[in-house]
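Report on the structure given below.
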Amino acid sequence: MSKKRNKKKTKNNLKNLKWHINEWVVGRLTAPFYIEEGTPFRPEIIICLDMLTETIVQHKLIDPAGQPSTITSVLHEAFQNPMAGLPRKPGMIRIDNSQEAEEIRQMFPDIEVTVAPTPELDDVMDAFSSYHTEEGSIDTYFDNPLVSKEMIGNFFHAAKQFYQAAPWRWVKDYQVIKVDVPSLEIIDAYVSIMGNANESFGFIIFPSFEGFKSFISLSKEQPDPGKKFDLGTSIIAINFERGADFPLTTRKEISQNGWEVAGPNAYPWVLSLDRDKLQRPLSEEDMKLVEVCTLGLTSFLVKHRNIFTMDEGVQACETYTYGEIEVTLAAPPPLNEIDNWEEEEEDAQEIEPESIHELDHWLKEKILSCCSRRFSKKLTKAQMDFSNVEKSMELFVPWLVYHFSVDGKPLVDWYEKLARNELSQRVKSWLKAQKSAWLSLWEITDFVPGKSITLIDLLTGEKRTVIEKEASRYMEKWNVILARVVDYENKSLLAGVHHRMLSPLSGDDVVQSMKKRLRRKTNVSVDRLQNEKIGRFMIARWEEAVENNDINVHTAPIMQNTDGDVLLLTFDHYKLCKTTVKKVTEKLCSLEDAEFNPGDHSIVFLRKASKSSNMKEIVVGRVSFNKNNMIAESNSLERADKLKKQLQSALGQKIRFLSRTHEDPTFMIKNETFN
């Protein structure tokens, strides 16, 4: 019995071996190289691979624009005149295309044909690719007779201007620009600027927005060694590289031709890549395209910088003419082209920020993004509630998200309804706290700079101590602010503040107007202040008071500190050199007039007050640290100069002065900074 079983097993193994040794793998692939004779083209290649001998028995290169060739004709040639071995037929053919498999079955019915993956042919293509990369390696800038030196020189000139403008300082890679160059048959292409992350500098031209989406999506995937490389689309990339990374012959060629570069790290390099990252030979049209795009982008991005740095919802479109070529640039692209992609991106980005302030900002963006496309026209009415939306953004956005009603509901309610299955418990808790908050008139009763502010609601009588690092440095006691306060996890936080404070007298005028409107002489209930109409009335009365203050002050008083200096918040920025924050702190704290403030880890510089003053000491300066940078603050130019001299005397070569900036002391929150 055992002998019979072994005999049958041996027979099956021989049968399997027979089929294996007679198998050919056949396929049609795109060649991993370009034919550069005449007009460059990337051929198709049909390969017949004998699995027994692991040799190519036949292959044929095909020009896609030429006469088509069939798999069966190449197989027939392989049977009759193989490139290796004697004429023969396989017992089985494996191919990954079902339609071509059927053609083989009809032409050669005596051969078994299976449809299955053909990874062996990919290995052959990899070998072809390695061979052509070695053979085709070049050490000159453009080894292409189709591209003239004049074209290269023009491109270098345009690239120098682009690099000097450095638009990556304000444009992020996802803020794409739509490009049309009709004379070069470029319609609805898109450009992404590289460099905002301080890694690669330049830009990429995508043939379509779909191509850009695929590129971004695939770039986020983890590399898979067993998977073919896929960019998602063909691209043309303009990179700026270090000259030292170029071959010596290339640098000589650039120098000999007088092609200008903006600096040693600004050598421009153009790459035209297929989807599988194979480099395409550059054509005359490619060079014309990169030249006009580079020139156009430089002008467009500098002129319309505000579109990329401010959320204004404004679109810019410009047409530039260079010779006979017109290039039209538009940013941001029309919403109907990017809406679906933004929704997909939002769905994929569900990682919540850790800090509560970041979570709040992240949620407001998600709510506005979710609702703005559905209620775009209705949301524009919210701007009418503020006289200057741009300056009031700190309060306008929370008002829009948590108070402004659209079809009877605030945006936060619409968002909770639309995303109810996606909200984490933490998000739900925060949104609940935000919905419980109210807009009111808060009097500043005390504050600790860099740490907290103590407030009392002049309408409800509620008291809160809010954690606020930045705004607490610019508060004035007994002044009144228009603000929202959120109570969350036993803490109170400011979540929307009007950019202008009012004096106690002006603030009281608004309080009286509100109580008259509410018909209350005593404290008001919180739920009444959560009414949208009451909130809108409060904003209007507040802005009227601000306007009246501005009108009544015909000659603005000169604000002075206790030394009689003109009040001007002054910030000197330093770089720490070969030292640490700890060492600098210890050195400064050893000075007679310096004290360490544990509240915000800053160093305060004090001076004895004059006899006429009620205070024993006055603060004349403050030093804080941000990583390896040091900032010295004072409230006048005179005090700033004295503090600067004192710091440089104490620290010497341990610090390097970088710049001086100023801020308007009348604003509670820093709005504008200038050198």
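By convention in this document, the chains of the structure tokens carry letters A, B, ... by their order, each chain's residues are numbered from 1, and ligands are numbered from 1 in the order they are shown.
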For this session: Find the residues near Asn628 (chain A): any atom within 7 Å, counting only C-alpha atoms, skip ones fewer than 2 places away on the same chain, and give them as an NGL selection string.
Result: :A and (575-576 or 626 or 630)
Problem set entry | Near-Val176 (chain A) list (9 Å; only C-alpha atoms; drop same-chain fewer than 4 positions) as number ranges by chain | A: 171-172, 190-193, 209, 212, 331-333
Seminar exercise, completed: re CA of Val74 (chain A) and CA of Lys60 (chain A): distance 7.2 Å
For this session: Kindly indicate which residue among A:Glu291, A:Glu260, A:Asp276, A:Asp173 lies nearest to Ser234 (chain A), using only C-alpha atoms for the distances.
Result: A:Asp276
Exercise. What does the distance between CA of Leu359 (chain A) and CA of Glu468 (chain A) come to in Å, to one decimal place?
Worked result: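 CA of Glu468 (chain A) lies at a distance of 15.9 Å from CA of Leu359 (chain A).
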Exercise. What's the 9 Å shell around Phe155 (chain A), counting only C-alpha atoms, without same-chain residues fewer than 5 positions away, as a PyMOL selection string?
Worked result: chain A and resi 150+160+259+268+287-288+290-292+294-295
For this session: Work out how far apart CA of Glu120 (chain A) and CA of Phe229 (chain A) are and give it in Å to one decimal.
Result: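 Atom-to-atom, CA of Glu120 (chain A) and CA of Phe229 (chain A) are spaced 16.3 Å apart.
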For this session: Taking the DSSP assignment computed from this structure's backbone, write out as a PyMOL selection string all residues of region 102-297 of chain A that belong to alpha helix (DSSP H).
Result: chain A and resi 102-107+119-135+149-165+209-219+248-256+284-297
Exercise. Where does DSSP see strand (DSSP E or B) in region 482-614 of chain A, if you list the residues as an MDAnalysis selection string?
Worked result: chainID A and resid 482:488 491:497 502 560 566 569:576 594:597 602:608
Problem set entry | Nearest residue to Asn629 (chain A) from the set A:Thr30, A:Asn388, A:Ser283, A:Thr580 (distances using only C-alpha atoms) | A:Thr580
